[in-house]
$ cat model09.cif   # mmCIF, C-alpha atoms
data_final
loop_
_atom_site.group_PDB
_atom_site.id
_atom_site.type_symbol
_atom_site.label_atom_id
_atom_site.label_comp_id
_atom_site.auth_asym_id
_atom_site.auth_seq_id
_atom_site.Cartn_x
_atom_site.Cartn_y
_atom_site.Cartn_z
ATOM 1 C CA MET A 1 -20.228 59.735 5.021
ATOM 2 C CA GLN A 2 -17.158 59.444 7.227
ATOM 3 C CA ASN A 3 -18.256 55.993 8.445
ATOM 4 C CA THR A 4 -18.545 54.772 4.852
ATOM 5 C CA ILE A 5 -15.019 55.881 4.057
ATOM 6 C CA ARG A 6 -13.598 54.010 7.057
ATOM 7 C CA ILE A 7 -15.566 50.838 6.325
ATOM 8 C CA LYS A 8 -14.314 50.501 2.726
ATOM 9 C CA PRO A 9 -10.625 50.021 3.699
ATOM 10 C CA ILE A 10 -11.638 47.582 6.446
ATOM 11 C CA LEU A 11 -13.830 45.598 4.028
ATOM 12 C CA LYS A 12 -11.066 45.577 1.433
ATOM 13 C CA THR A 13 -8.574 44.243 4.038
ATOM 14 C CA LEU A 14 -11.107 41.630 5.182
ATOM 15 C CA VAL A 15 -11.767 40.438 1.616
ATOM 16 C CA ILE A 16 -8.014 40.117 0.952
ATOM 17 C CA ALA A 17 -7.492 38.213 4.223
ATOM 18 C CA MET A 18 -10.337 35.812 3.395
ATOM 19 C CA GLY A 19 -8.831 35.206 -0.021
ATOM 20 C CA VAL A 20 -5.445 34.376 1.518
ATOM 21 C CA ILE A 21 -7.083 32.034 4.036
ATOM 22 C CA GLY A 22 -8.956 30.317 1.208
ATOM 23 C CA VAL A 23 -5.764 29.762 -0.789
ATOM 24 C CA VAL A 24 -3.935 28.419 2.277
ATOM 25 C CA SER A 25 -6.874 26.116 3.082
ATOM 26 C CA LEU A 26 -6.998 24.838 -0.486
ATOM 27 C CA GLY A 27 -3.268 24.153 -0.391
ATOM 28 C CA ALA A 28 -3.653 22.234 2.870
ATOM 29 C CA CYS A 29 -6.413 20.093 1.385
ATOM 30 C CA GLN A 30 -4.355 19.365 -1.702
ATOM 31 C CA SER A 31 -1.401 18.239 0.390
ATOM 32 C CA MET A 32 -3.473 15.481 2.036
ATOM 33 C CA LYS A 33 -2.531 12.248 0.225
ATOM 34 C CA HIS A 34 -5.325 10.747 -1.783
ATOM 35 C CA GLY A 35 -5.499 9.141 -5.167
ATOM 36 C CA THR A 36 -7.884 9.324 -8.047
ATOM 37 C CA GLY A 37 -7.594 5.976 -9.788
ATOM 38 C CA GLN A 38 -3.808 5.645 -10.210
ATOM 39 C CA LYS A 39 -2.989 1.992 -10.974
ATOM 40 C CA ALA A 40 -0.010 -0.293 -10.604
ATOM 41 C CA SER A 41 0.432 -4.005 -11.154
ATOM 42 C CA ALA A 42 2.859 -6.832 -10.534
ATOM 43 C CA LYS A 43 3.395 -10.169 -12.220
ATOM 44 C CA LEU A 44 4.608 -12.660 -9.611
ATOM 45 C CA GLU A 45 7.071 -15.379 -10.533
ATOM 46 C CA PRO A 46 8.035 -18.490 -8.542
ATOM 47 C CA ARG A 47 10.832 -18.367 -5.962
ATOM 48 C CA SER A 48 12.330 -20.827 -3.441
ATOM 49 C CA GLY A 49 11.563 -23.801 -5.712
ATOM 50 C CA SER A 50 7.788 -23.214 -5.729
ATOM 51 C CA ALA A 51 5.345 -23.213 -8.637
ATOM 52 C CA THR A 52 3.458 -20.148 -7.342
ATOM 53 C CA THR A 53 2.596 -17.425 -9.855
ATOM 54 C CA GLY A 54 0.148 -14.572 -9.860
ATOM 55 C CA GLU A 55 -0.887 -11.121 -10.924
ATOM 56 C CA VAL A 56 -1.776 -8.272 -8.581
ATOM 57 C CA VAL A 57 -3.394 -4.899 -9.337
ATOM 58 C CA PHE A 58 -3.333 -1.866 -7.033
ATOM 59 C CA ILE A 59 -5.874 0.938 -7.616
ATOM 60 C CA TRP A 60 -5.681 4.104 -5.499
ATOM 61 C CA GLN A 61 -9.143 5.311 -4.465
ATOM 62 C CA GLY A 62 -9.199 8.286 -2.133
ATOM 63 C CA HIS A 63 -7.211 7.410 0.995
ATOM 64 C CA ASP A 64 -7.430 3.656 0.319
ATOM 65 C CA VAL A 65 -5.905 1.275 -2.176
ATOM 66 C CA MET A 66 -7.916 -1.587 -3.665
ATOM 67 C CA VAL A 67 -5.714 -4.642 -4.076
ATOM 68 C CA SER A 68 -6.873 -7.532 -6.245
ATOM 69 C CA GLY A 69 -5.073 -10.572 -7.505
ATOM 70 C CA LYS A 70 -5.169 -14.069 -8.944
ATOM 71 C CA PHE A 71 -2.742 -16.795 -7.922
ATOM 72 C CA THR A 72 -1.944 -20.368 -8.922
ATOM 73 C CA GLY A 73 0.438 -22.963 -7.527
ATOM 74 C CA LEU A 74 -0.332 -22.203 -3.877
ATOM 75 C CA ARG A 75 -0.621 -24.903 -1.225
ATOM 76 C CA PRO A 76 -4.195 -26.283 -1.503
ATOM 77 C CA ASN A 77 -6.734 -25.177 1.111
ATOM 78 C CA ALA A 78 -4.199 -22.994 2.890
ATOM 79 C CA GLU A 79 -3.460 -19.430 3.912
ATOM 80 C CA GLN A 80 -0.245 -17.769 2.836
ATOM 81 C CA GLY A 81 1.359 -14.484 3.877
ATOM 82 C CA PHE A 82 1.251 -11.621 1.394
ATOM 83 C CA HIS A 83 3.176 -8.350 1.733
ATOM 84 C CA VAL A 84 4.606 -5.342 -0.066
ATOM 85 C CA HIS A 85 8.392 -5.405 0.420
ATOM 86 C CA GLU A 86 10.708 -2.397 0.502
ATOM 87 C CA LYS A 87 12.879 -3.122 -2.544
ATOM 88 C CA GLY A 88 11.868 -3.654 -6.144
ATOM 89 C CA ASP A 89 14.283 -6.550 -6.597
ATOM 90 C CA CYS A 90 13.137 -10.143 -7.051
ATOM 91 C CA SER A 91 16.434 -11.384 -8.502
ATOM 92 C CA ALA A 92 17.479 -13.687 -5.627
ATOM 93 C CA PRO A 93 16.294 -17.314 -5.974
ATOM 94 C CA ASP A 94 14.607 -16.984 -2.567
ATOM 95 C CA ALA A 95 13.455 -13.369 -3.125
ATOM 96 C CA THR A 96 15.472 -12.071 -0.158
ATOM 97 C CA SER A 97 16.661 -9.328 -2.527
ATOM 98 C CA ALA A 98 13.204 -7.732 -2.008
ATOM 99 C CA GLY A 99 14.273 -6.704 1.522
ATOM 100 C CA GLY A 100 11.927 -6.482 4.489
ATOM 101 C CA HIS A 101 8.317 -5.412 4.630
ATOM 102 C CA PHE A 102 7.586 -1.926 3.333
ATOM 103 C CA ASN A 103 7.414 0.164 6.504
ATOM 104 C CA PRO A 104 7.819 3.921 5.875
ATOM 105 C CA ASP A 105 6.372 4.855 9.288
ATOM 106 C CA GLY A 106 8.581 2.483 11.335
ATOM 107 C CA LYS A 107 5.621 0.666 12.909
ATOM 108 C CA ALA A 108 5.555 -2.825 14.389
ATOM 109 C CA HIS A 109 4.236 -5.695 12.276
ATOM 110 C CA GLY A 110 0.544 -6.379 12.772
ATOM 111 C CA LYS A 111 -2.846 -7.077 11.322
ATOM 112 C CA PRO A 112 -3.675 -4.860 8.333
ATOM 113 C CA GLY A 113 -5.928 -1.976 9.298
ATOM 114 C CA SER A 114 -4.845 -1.973 12.940
ATOM 115 C CA ASP A 115 -3.059 0.982 14.531
ATOM 116 C CA MET A 116 0.179 -0.983 14.588
ATOM 117 C CA SER A 117 0.980 -2.476 11.214
ATOM 118 C CA HIS A 118 3.485 -1.891 8.445
ATOM 119 C CA ALA A 119 2.216 -0.198 5.308
ATOM 120 C CA GLY A 120 3.200 -3.435 3.529
ATOM 121 C CA ASP A 121 1.109 -5.720 5.763
ATOM 122 C CA MET A 122 -1.777 -7.247 3.811
ATOM 123 C CA PRO A 123 -4.335 -9.962 4.630
ATOM 124 C CA ASN A 124 -3.324 -13.557 3.927
ATOM 125 C CA ILE A 125 -4.187 -15.212 0.627
ATOM 126 C CA LYS A 126 -6.635 -18.146 0.996
ATOM 127 C CA SER A 127 -6.342 -20.876 -1.636
ATOM 128 C CA ASP A 128 -8.910 -23.395 -2.815
ATOM 129 C CA ALA A 129 -8.533 -27.183 -3.098
ATOM 130 C CA ASN A 130 -6.584 -26.752 -6.367
ATOM 131 C CA GLY A 131 -4.109 -24.211 -4.968
ATOM 132 C CA ASN A 132 -5.715 -21.265 -6.761
ATOM 133 C CA ALA A 133 -6.886 -18.026 -5.188
ATOM 134 C CA THR A 134 -8.670 -14.813 -6.031
ATOM 135 C CA TYR A 135 -7.776 -11.929 -3.746
ATOM 136 C CA SER A 136 -9.412 -8.620 -2.885
ATOM 137 C CA ALA A 137 -8.656 -6.176 -0.068
ATOM 138 C CA LYS A 138 -9.179 -2.476 0.637
ATOM 139 C CA LEU A 139 -6.091 -1.151 2.431
ATOM 140 C CA SER A 140 -4.592 2.122 3.620
ATOM 141 C CA GLY A 141 -1.188 3.333 4.748
ATOM 142 C CA PHE A 142 0.428 3.457 1.318
ATOM 143 C CA SER A 143 -0.043 5.196 -2.007
ATOM 144 C CA VAL A 144 0.252 4.277 -5.671
ATOM 145 C CA ASP A 145 3.070 6.645 -6.591
ATOM 146 C CA ASN A 146 6.818 7.230 -6.089
ATOM 147 C CA SER A 147 6.565 9.134 -2.791
ATOM 148 C CA ALA A 148 7.946 7.990 0.568
ATOM 149 C CA THR A 149 4.704 6.045 1.143
ATOM 150 C CA GLY A 150 4.463 4.946 -2.495
ATOM 151 C CA ILE A 151 4.644 1.349 -3.681
ATOM 152 C CA LEU A 152 5.794 1.970 -7.267
ATOM 153 C CA GLY A 153 9.176 0.326 -7.810
ATOM 154 C CA ARG A 154 8.797 -1.933 -4.776
ATOM 155 C CA SER A 155 7.920 -5.634 -4.777
ATOM 156 C CA VAL A 156 5.030 -7.792 -3.656
ATOM 157 C CA VAL A 157 5.784 -11.207 -2.132
ATOM 158 C CA VAL A 158 3.793 -14.373 -1.379
ATOM 159 C CA HIS A 159 5.104 -16.418 1.551
ATOM 160 C CA ARG A 160 4.753 -20.180 2.119
ATOM 161 C CA ASP A 161 3.017 -19.934 5.508
ATOM 162 C CA PRO A 162 0.223 -17.755 6.888
ATOM 163 C CA ASP A 163 1.098 -14.479 8.555
ATOM 164 C CA ASP A 164 0.251 -14.711 12.277
ATOM 165 C CA TYR A 165 0.005 -10.880 12.442
ATOM 166 C CA LYS A 166 1.907 -10.751 15.731
ATOM 167 C CA SER A 167 5.442 -12.194 15.414
ATOM 168 C CA GLN A 168 8.051 -9.491 14.830
ATOM 169 C CA PRO A 169 9.259 -8.302 12.447
ATOM 170 C CA ALA A 170 7.403 -10.184 9.713
ATOM 171 C CA GLY A 171 4.616 -12.431 11.039
ATOM 172 C CA ASN A 172 6.483 -15.763 10.890
ATOM 173 C CA SER A 173 5.204 -16.385 7.354
ATOM 174 C CA GLY A 174 8.140 -18.457 6.158
ATOM 175 C CA PRO A 175 10.037 -18.561 2.882
ATOM 176 C CA ARG A 176 9.156 -16.316 -0.050
ATOM 177 C CA VAL A 177 7.527 -18.454 -2.748
ATOM 178 C CA ALA A 178 6.660 -15.787 -5.338
ATOM 179 C CA CYS A 179 7.806 -12.235 -6.039
ATOM 180 C CA GLY A 180 6.894 -9.469 -8.488
ATOM 181 C CA LEU A 181 7.963 -5.892 -9.181
ATOM 182 C CA ILE A 182 5.219 -3.275 -8.740
ATOM 183 C CA LYS A 183 5.064 -1.081 -11.863
#
$ encode --input "model09.cif" --output "C-alpha cells"
Amino acid sequence: MQNTIRIKPILKTLVIAMGVIGVVSLGACQSMKHGTGQKASAKLEPRSGSATTGEVVFIWQGHDVMVSGKFTGLRPNAEQGFHVHEKGDCSAPDATSAGGHFNPDGKAHGKPGSDMSHAGDMPNIKSDANGNATYSAKLSGFSVDNSATGILGRSVVVHRDPDDYKSQPAGNSGPRVACGLIK
C-alpha cells in the first residue's frame, strides 16, 4: 500500500512533464516556416525600353514555393535572368527602384538551390523563337508572406541577359527589362 501511494505522485509529475514537453514540441514544430497554399502574383510591365511583359504566380507548398509564369516580348531563343528584388518599387524607367536581389540571409549570389544563393535567385527564363516563354520552378529560401523571408510587397524582375550564377553580386544579367510588384 505504501508503494502505491508513492507511485501516484511520481506518475502525476511524469504525466504533467510529458504534457509540457508535448506542448513545447508542438510549438517548435509550428515555428518551422512552411506554407499551406498561400499565393501571390505579379504582373510585369516593360522597363528599359523593352516590350517584355508577363505574369508570375507564387504558391507556397510546405518548405518550397512553386513559381510559374508566362512572358512575351523576350529576346527570341534566349535565356534571361529572373530574380526577386528587395523593394516593391518598379517606378523607375529602368526598374533600379526595385533595389538589389532579395537576400535576407546575406548570402553570395549563386545558382538557385545551391548552398550559396540569394533567396531571390531563380533559374533563367528560356524563350522560344517568338520571344515567348512559359516558366516553372520549385524553389526554397523564401516564403509567401510578410515576414523577413517573405516576398509579399517585393518585386520580381526580368533581365536582358542570362544570369551566369557566379558573378557577384547579381550574376551579370544586364539591364532590367520588366518589373512587377508581388501582391
$ closest_residue --input "model09.cif" --among "A:Gly131, A:Gly73, A:Gly171, A:Gly150" --to "Glu45 (chain A)" --atoms "only C-alpha atoms"
A:Gly73
$ residues_around --input "model09.cif" --residues "Ser68 (chain A)" --least-positions-apart "4" --cutoff "6 Å" --atoms "only C-alpha atoms" --output "short mmCIF file (atom, residue, chain, number, x, y, z; two decimals) with C-alpha atoms, keeping the file's coordinate frame"
data_model
loop_
_atom_site.label_atom_id
_atom_site.label_comp_id
_atom_site.auth_asym_id
_atom_site.auth_seq_id
_atom_site.Cartn_x
_atom_site.Cartn_y
_atom_site.Cartn_z
CA VAL A 56 -1.78 -8.27 -8.58
CA VAL A 57 -3.39 -4.90 -9.34
CA TYR A 135 -7.78 -11.93 -3.75
CA SER A 136 -9.41 -8.62 -2.88
#
$ resolve_selection --input "model09.cif" --expression "the PyMOL selection byres ((chain A and resi 145) around 12)" --output "NGL selection string"
:A and (33-41 or 58-60 or 65 or 142-144 or 146-154 or 182-183)
$ closest_residue --input "model09.cif" --among "A:Pro104, A:Gly81, A:Gly120, A:Pro169" --to "Ser155 (chain A)" --atoms "only C-alpha atoms"
A:Gly120
$ closest_residue --input "model09.cif" --among "A:Gln80, A:Val156, A:Ala119, A:His109" --to "Gly180 (chain A)" --atoms "only C-alpha atoms"
A:Val156
$ closest_residue --input "model09.cif" --among "A:Ser127, A:Met66, A:Met116, A:Val84" --to "Arg160 (chain A)" --atoms "all atoms listed in the file"
A:Ser127
$ atom_distance --input "model09.cif" --atom1 "CA of Pro93 (chain A)" --atom2 "CA of Ala108 (chain A)"
27.2 Å
$ residues_around --input "model09.cif" --residues "Asp121 (chain A)" --least-positions-apart "5" --cutoff "8 Å" --atoms "all atoms listed in the file" --output "list of chain:residue names"
A:Phe82, A:His83, A:Val84, A:His101, A:Phe102, A:His109, A:Gly110, A:Lys111, A:Pro112
$ closest_residue --input "model09.cif" --among "A:Asn124, A:Ser173, A:Asn77, A:Gln168" --to "Lys107 (chain A)" --atoms "only C-alpha atoms"
A:Gln168
$ closest_residue --input "model09.cif" --among "A:His159, A:Arg75, A:Lys166, A:Lys138" --to "Ser48 (chain A)" --atoms "all atoms listed in the file"
A:His159
$ atom_distance --input "model09.cif" --atom1 "CA of Gly174 (chain A)" --atom2 "CA of Glu79 (chain A)"
11.9 Å
$ residues_around --input "model09.cif" --residues "Lys70 (chain A)" --least-positions-apart "3" --cutoff "9 Å" --atoms "all atoms listed in the file" --output "ChimeraX atom specification"
/A:53-56,132-135
$ atom_distance --input "model09.cif" --atom1 "CA of Gly69 (chain A)" --atom2 "CA of Ser167 (chain A)"
25.3 Å
$ resolve_selection --input "model09.cif" --expression "the PyMOL selection byres ((chain A and resi 97) around 10)" --output "list in words"
His85, Glu86, Lys87, Gly88, Asp89, Cys90, Ser91, Ala92, Pro93, Asp94, Ala95, Thr96, Ala98, Gly99, Gly100, Ser155 and Cys179 of chain A
$ axis_aligned_box --input "model09.cif" --around "region 160-176 of chain A" --padding-each-side "4 Å" --output "JSON"
{"center_x": 5.0, "center_y": -14.2, "center_z": 7.8, "size_x": 18.0, "size_y": 19.9, "size_z": 23.8}
$ build_atoms --input "model09.cif" --residues "region 38-70 of chain A" --atoms "N, CA and C atoms" --output "PDB file, in the coordinates of the input"
ATOM      1  N   GLN A  38      -5.132   6.076  -9.757  1.00  0.00           N
ATOM      2  CA  GLN A  38      -3.808   5.645 -10.210  1.00  0.00           C
ATOM      3  C   GLN A  38      -3.702   4.129 -10.016  1.00  0.00           C
ATOM      4  N   LYS A  39      -3.088   3.449 -10.998  1.00  0.00           N
ATOM      5  CA  LYS A  39      -2.989   1.992 -10.974  1.00  0.00           C
ATOM      6  C   LYS A  39      -1.542   1.537 -11.058  1.00  0.00           C
ATOM      7  N   ALA A  40      -1.298   0.382 -10.477  1.00  0.00           N
ATOM      8  CA  ALA A  40      -0.010  -0.293 -10.604  1.00  0.00           C
ATOM      9  C   ALA A  40      -0.309  -1.788 -10.620  1.00  0.00           C
ATOM     10  N   SER A  41       0.627  -2.562 -11.132  1.00  0.00           N
ATOM     11  CA  SER A  41       0.432  -4.005 -11.154  1.00  0.00           C
ATOM     12  C   SER A  41       1.764  -4.715 -10.985  1.00  0.00           C
ATOM     13  N   ALA A  42       1.669  -5.995 -10.685  1.00  0.00           N
ATOM     14  CA  ALA A  42       2.859  -6.832 -10.534  1.00  0.00           C
ATOM     15  C   ALA A  42       2.548  -8.223 -11.046  1.00  0.00           C
ATOM     16  N   LYS A  43       3.484  -8.774 -11.782  1.00  0.00           N
ATOM     17  CA  LYS A  43       3.395 -10.169 -12.220  1.00  0.00           C
ATOM     18  C   LYS A  43       4.345 -10.965 -11.324  1.00  0.00           C
ATOM     19  N   LEU A  44       3.808 -11.893 -10.557  1.00  0.00           N
ATOM     20  CA  LEU A  44       4.608 -12.660  -9.611  1.00  0.00           C
ATOM     21  C   LEU A  44       5.135 -13.932 -10.259  1.00  0.00           C
ATOM     22  N   GLU A  45       6.414 -14.182 -10.010  1.00  0.00           N
ATOM     23  CA  GLU A  45       7.071 -15.379 -10.533  1.00  0.00           C
ATOM     24  C   GLU A  45       7.549 -16.240  -9.374  1.00  0.00           C
ATOM     25  N   PRO A  46       7.645 -17.563  -9.610  1.00  0.00           N
ATOM     26  CA  PRO A  46       8.035 -18.490  -8.542  1.00  0.00           C
ATOM     27  C   PRO A  46       9.420 -18.195  -7.967  1.00  0.00           C
ATOM     28  N   ARG A  47       9.564 -18.461  -6.665  1.00  0.00           N
ATOM     29  CA  ARG A  47      10.832 -18.367  -5.962  1.00  0.00           C
ATOM     30  C   ARG A  47      10.907 -19.528  -4.971  1.00  0.00           C
ATOM     31  N   SER A  48      12.094 -19.789  -4.456  1.00  0.00           N
ATOM     32  CA  SER A  48      12.330 -20.827  -3.441  1.00  0.00           C
ATOM     33  C   SER A  48      11.850 -22.208  -3.897  1.00  0.00           C
ATOM     34  N   GLY A  49      11.936 -22.485  -5.196  1.00  0.00           N
ATOM     35  CA  GLY A  49      11.563 -23.801  -5.712  1.00  0.00           C
ATOM     36  C   GLY A  49      10.070 -24.058  -5.805  1.00  0.00           C
ATOM     37  N   SER A  50       9.249 -23.038  -5.672  1.00  0.00           N
ATOM     38  CA  SER A  50       7.788 -23.214  -5.729  1.00  0.00           C
ATOM     39  C   SER A  50       7.286 -23.144  -7.172  1.00  0.00           C
ATOM     40  N   ALA A  51       5.998 -23.374  -7.338  1.00  0.00           N
ATOM     41  CA  ALA A  51       5.345 -23.213  -8.637  1.00  0.00           C
ATOM     42  C   ALA A  51       4.346 -22.058  -8.584  1.00  0.00           C
ATOM     43  N   THR A  52       4.427 -21.231  -7.554  1.00  0.00           N
ATOM     44  CA  THR A  52       3.458 -20.148  -7.342  1.00  0.00           C
ATOM     45  C   THR A  52       3.670 -18.998  -8.319  1.00  0.00           C
ATOM     46  N   THR A  53       2.591 -18.598  -8.975  1.00  0.00           N
ATOM     47  CA  THR A  53       2.596 -17.425  -9.855  1.00  0.00           C
ATOM     48  C   THR A  53       1.358 -16.598  -9.550  1.00  0.00           C
ATOM     49  N   GLY A  54       1.332 -15.391 -10.063  1.00  0.00           N
ATOM     50  CA  GLY A  54       0.148 -14.572  -9.860  1.00  0.00           C
ATOM     51  C   GLY A  54       0.269 -13.208 -10.492  1.00  0.00           C
ATOM     52  N   GLU A  55      -0.832 -12.507 -10.465  1.00  0.00           N
ATOM     53  CA  GLU A  55      -0.887 -11.121 -10.924  1.00  0.00           C
ATOM     54  C   GLU A  55      -1.673 -10.320  -9.907  1.00  0.00           C
ATOM     55  N   VAL A  56      -1.155  -9.129  -9.586  1.00  0.00           N
ATOM     56  CA  VAL A  56      -1.776  -8.272  -8.581  1.00  0.00           C
ATOM     57  C   VAL A  56      -1.962  -6.881  -9.178  1.00  0.00           C
ATOM     58  N   VAL A  57      -3.100  -6.263  -8.883  1.00  0.00           N
ATOM     59  CA  VAL A  57      -3.394  -4.899  -9.337  1.00  0.00           C
ATOM     60  C   VAL A  57      -3.687  -4.045  -8.104  1.00  0.00           C
ATOM     61  N   PHE A  58      -3.115  -2.840  -8.093  1.00  0.00           N
ATOM     62  CA  PHE A  58      -3.333  -1.866  -7.033  1.00  0.00           C
ATOM     63  C   PHE A  58      -4.017  -0.659  -7.658  1.00  0.00           C
ATOM     64  N   ILE A  59      -5.165  -0.243  -7.120  1.00  0.00           N
ATOM     65  CA  ILE A  59      -5.874   0.938  -7.616  1.00  0.00           C
ATOM     66  C   ILE A  59      -6.114   1.879  -6.444  1.00  0.00           C
ATOM     67  N   TRP A  60      -5.573   3.097  -6.555  1.00  0.00           N
ATOM     68  CA  TRP A  60      -5.681   4.104  -5.499  1.00  0.00           C
ATOM     69  C   TRP A  60      -7.032   4.776  -5.590  1.00  0.00           C
ATOM     70  N   GLN A  61      -7.813   4.718  -4.502  1.00  0.00           N
ATOM     71  CA  GLN A  61      -9.143   5.311  -4.465  1.00  0.00           C
ATOM     72  C   GLN A  61      -9.285   6.134  -3.189  1.00  0.00           C
ATOM     73  N   GLY A  62      -9.124   7.427  -3.311  1.00  0.00           N
ATOM     74  CA  GLY A  62      -9.199   8.286  -2.133  1.00  0.00           C
ATOM     75  C   GLY A  62      -8.012   8.038  -1.221  1.00  0.00           C
ATOM     76  N   HIS A  63      -8.282   7.692   0.038  1.00  0.00           N
ATOM     77  CA  HIS A  63      -7.211   7.410   0.995  1.00  0.00           C
ATOM     78  C   HIS A  63      -6.901   5.921   1.070  1.00  0.00           C
ATOM     79  N   ASP A  64      -7.603   5.112   0.298  1.00  0.00           N
ATOM     80  CA  ASP A  64      -7.430   3.656   0.319  1.00  0.00           C
ATOM     81  C   ASP A  64      -6.878   3.159  -1.012  1.00  0.00           C
ATOM     82  N   VAL A  65      -6.365   1.939  -0.961  1.00  0.00           N
ATOM     83  CA  VAL A  65      -5.905   1.275  -2.176  1.00  0.00           C
ATOM     84  C   VAL A  65      -6.633  -0.064  -2.274  1.00  0.00           C
ATOM     85  N   MET A  66      -7.283  -0.294  -3.405  1.00  0.00           N
ATOM     86  CA  MET A  66      -7.916  -1.587  -3.665  1.00  0.00           C
ATOM     87  C   MET A  66      -6.852  -2.509  -4.249  1.00  0.00           C
ATOM     88  N   VAL A  67      -6.695  -3.662  -3.628  1.00  0.00           N
ATOM     89  CA  VAL A  67      -5.714  -4.642  -4.076  1.00  0.00           C
ATOM     90  C   VAL A  67      -6.483  -5.875  -4.524  1.00  0.00           C
ATOM     91  N   SER A  68      -6.234  -6.315  -5.757  1.00  0.00           N
ATOM     92  CA  SER A  68      -6.873  -7.532  -6.245  1.00  0.00           C
ATOM     93  C   SER A  68      -5.814  -8.390  -6.927  1.00  0.00           C
ATOM     94  N   GLY A  69      -6.048  -9.683  -6.891  1.00  0.00           N
ATOM     95  CA  GLY A  69      -5.073 -10.572  -7.505  1.00  0.00           C
ATOM     96  C   GLY A  69      -5.627 -11.946  -7.795  1.00  0.00           C
ATOM     97  N   LYS A  70      -4.875 -12.671  -8.622  1.00  0.00           N
ATOM     98  CA  LYS A  70      -5.169 -14.069  -8.944  1.00  0.00           C
ATOM     99  C   LYS A  70      -3.863 -14.834  -8.828  1.00  0.00           C
TER     100      LYS A  70
END
